[in-house]
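Written out below as structure tokens is the structure these notes cover.
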Amino acid sequence: MRFTVLGPVRAWRGDTELALGPPKQRALLALLLVRAGSPVSLSDMVDVLWPQGPPKSATNVVRHHVGSLRRLLAPETPTGEDRAVGTVARYSGGYRLDPQTGGLDLLVFRRLAARARQAASEGSPKTATDLYDEALALWRGPIADGVPADIRGHPVFTAIDDECVSVVRDAAVDALTAGTPDRVLAPLRRATTSHPLDEPLQARLVLVLAAAGRRAEALATYRAVRDRLAEELGIAPGRELTEAHQRVLDQDPSDVWRSGTPPGPDSGDAPAPRRRPRAETPSGARTPAPHPAQLPADLPVFAGRRSELARALALLPELDHPAATPEATVITTIEGMAGVGKTSLAVHWAHRVAHRFPDGQLYANLRGFDPAGAAVEPGDVLRAFLHGLSVHPHDMPAGPDAQAGLYRSLLTHRRVLVLLDNARDSAQVRPLLPGSPGSLVIVTSRRRLQGLITADGAHSLTLGPLGDAEAREVLAQRIGAQRIAAEPAAVEAVIALCGRLPLALVIVAAHSTAGPGLPLASIAAELRAGHGSLDAFSGDEADVRAVFSWSHRALTPWPPGCSDSWHSIPAPTSPGPPRRA
């Protein structure tokens, strides 16, 4: 079996091209292909195929199309052999299609692009250009062409388009460096036509045209983009595009690239896509590139969560080579109830992998469950991030859309870690996502961010209370292994009464260290005396009552006729987490 999705959706068995059926069936195949072997849930299929809202029969229609695709792609596969290569297989509540390694143009494209980036990092721009040329030859038009336009507008398809555009940007860099600008001109024209407001892309087109001997067209292209930005966004061209224009004006077109560094959003001082030399100031001194390092401090006594941390680390590709980049931005949501340790795990994981993202780490507390009830607006975070990326206030665009565009442009070709803590919902997070491959986004929330998982391909990591062994480890790290070993029964009682919640355990540990001679049995008795109250878990800065009250404020009102008194809930019959939690 062979498939294409970087352009028209097509399929062949041997030399015979298959008729893919009605539009919805073709769209379903395209969805399975762009997920490239990853499972797609039934709900995701319904969401993609009916962007305006599904009919009641949507689930049955999807299953019908799955059956038709199975018969079409593997007519001779015996019943029950769902994992045959090249057909649609059942998988964990959904379906997946596993094409052979060379059987899907998208996978071949990614492999060639990765090899090209590797060659460029090793100082072989000509080899990189050859590989990019081969990869971009597979990009034959709009992604999933032939699928209805409203379905192709879903983020699962537009993300592949963004991936192709990112490769075009990289290819332009190496074609100019190798002195062969003509080789990238055709895909660059196609990309800029479909992305008329992408300033980094347009800047490369200006330089490629000039280097190819088309200086007048390069200047006309700049003027057209400048006018379009003014009319549609009300902004002037950024430094990257302005710098490209100035180079065309000031320098010989044949030397427009090799005489300087690639244009960057910080007047050439930002790190180039693959660490090319930075531009010098008129005095000859090099200006350091902005590398924000905003992560909160890691816990020196972080304990537990080994399996969750291993799962998180496994989401990242191996980046042993300093120039290696993941094929896409990795988005991970860490979800769970209040006090379960989401932020601690996120910060610890971020510090473990920060060295893989040398262009900086950005952090924001989105205050999605703040006691004041006012979550941080994405526009405020964008401005803070742009400031951290050294954007001067005078250069700050007006309006959140323009700021989001500049933010994505600045992160192009950069490997950045973005940690967004305490998110309210997917809409609060989405404007803060990078637009090009190579970064890691970690989001924590008390809610399941289904929108990020469905539309943006986010991975979900749900935290529950600690296991008993991990809870003991948390206490041992804080109060010492000797005290834990001396009173095992009291330790078990404290763990049970804390509901194995890390925040409650930490507060109790802090209480116990205030009086080193205080027996743990006394602490357990104090907790029992609270009769399920959260009073014993209050502290100077960390207060379990306050933490849970923030979540409580976010709840919808009781249904009519229901009591709003917590006292109507029966008391627990055995030690456990406080009922109000």
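Chain identifiers are assigned as A, B, and so on, following the order in which chains appear in the structure tokens; residues are numbered from 1 within each chain, and ligands are numbered from 1 in order of appearance.
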Subject >> Non-local contacts of region 61-74 of chain A (10 Å; only C-alpha atoms; under 5 positions in same chain excluded) as a PyMOL selection string >> reply: chain A and resi 1+11-13+18-22+24-29+42-43+45-46+49+55-56+82+84-90+95+97
**OP:** Could you tell me, as a PyMOL selection string, which residues of region 181-247 of chain A DSSP assigns to alpha helix (DSSP H) when given the backbone?
**Re:** chain A and resi 182-194+199-211+215-232+239-247
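By only C-alpha atoms, and with residues fewer than 3 positions from Leu389 (chain A) along its chain excluded, the set lying at most 9 Å from it is Pro290, His291, Pro292, Gly360, Ala384, Phe385, Leu386, Tyr407 and Leu410 of chain A.
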Could you take the residues named above and write them with N, CA and C atoms, as a PDB file, in the first residue's frame?
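Generated output (result_38.pdb):
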ATOM      1  N   PRO A 290      18.828  36.855  23.269  1.00  0.00           N
ATOM      2  CA  PRO A 290      17.967  36.695  24.449  1.00  0.00           C
ATOM      3  C   PRO A 290      17.625  35.228  24.671  1.00  0.00           C
ATOM      4  N   HIS A 291      17.957  34.733  25.840  1.00  0.00           N
ATOM      5  CA  HIS A 291      17.633  33.355  26.208  1.00  0.00           C
ATOM      6  C   HIS A 291      16.894  33.409  27.540  1.00  0.00           C
ATOM      7  N   PRO A 292      15.573  33.599  27.531  1.00  0.00           N
ATOM      8  CA  PRO A 292      14.849  33.676  28.808  1.00  0.00           C
ATOM      9  C   PRO A 292      14.994  32.381  29.587  1.00  0.00           C
ATOM     10  N   GLY A 360      15.780  28.895  25.369  1.00  0.00           N
ATOM     11  CA  GLY A 360      15.118  29.540  26.494  1.00  0.00           C
ATOM     12  C   GLY A 360      13.949  28.763  27.058  1.00  0.00           C
ATOM     13  N   ALA A 384       4.120  39.601  28.250  1.00  0.00           N
ATOM     14  CA  ALA A 384       5.221  39.251  29.157  1.00  0.00           C
ATOM     15  C   ALA A 384       6.241  38.358  28.456  1.00  0.00           C
ATOM     16  N   PHE A 385       5.767  37.399  27.667  1.00  0.00           N
ATOM     17  CA  PHE A 385       6.690  36.524  26.940  1.00  0.00           C
ATOM     18  C   PHE A 385       7.495  37.320  25.909  1.00  0.00           C
ATOM     19  N   LEU A 386       6.822  38.223  25.192  1.00  0.00           N
ATOM     20  CA  LEU A 386       7.533  39.042  24.199  1.00  0.00           C
ATOM     21  C   LEU A 386       8.588  39.907  24.876  1.00  0.00           C
ATOM     22  N   TYR A 407       4.903  36.581  18.390  1.00  0.00           N
ATOM     23  CA  TYR A 407       5.392  35.541  19.302  1.00  0.00           C
ATOM     24  C   TYR A 407       5.753  34.272  18.534  1.00  0.00           C
ATOM     25  N   LEU A 410       8.901  34.828  16.461  1.00  0.00           N
ATOM     26  CA  LEU A 410      10.137  34.825  17.244  1.00  0.00           C
ATOM     27  C   LEU A 410      10.577  33.414  17.617  1.00  0.00           C
TER      28      LEU A 410
END
Sorted by chain and rising residue number, list the residues of region 348-449 of chain A at most 12 Å from region 169-184 of chain A (counting only C-alpha atoms), each with its closest atom pair and distance in Å to one decimal, as JSON lines.
{"residue": "A:Ser409", "atom": "CA", "partner": "A:Arg169", "partner_atom": "CA", "distance": 11.6}
{"residue": "A:Thr412", "atom": "CA", "partner": "A:Arg169", "partner_atom": "CA", "distance": 9.2}
{"residue": "A:His413", "atom": "CA", "partner": "A:Asp170", "partner_atom": "CA", "distance": 8.0}
{"residue": "A:Arg414", "atom": "CA", "partner": "A:Asp170", "partner_atom": "CA", "distance": 11.7}
{"residue": "A:Ser436", "atom": "CA", "partner": "A:Arg169", "partner_atom": "CA", "distance": 10.5}
{"residue": "A:Pro437", "atom": "CA", "partner": "A:Asp170", "partner_atom": "CA", "distance": 11.6}
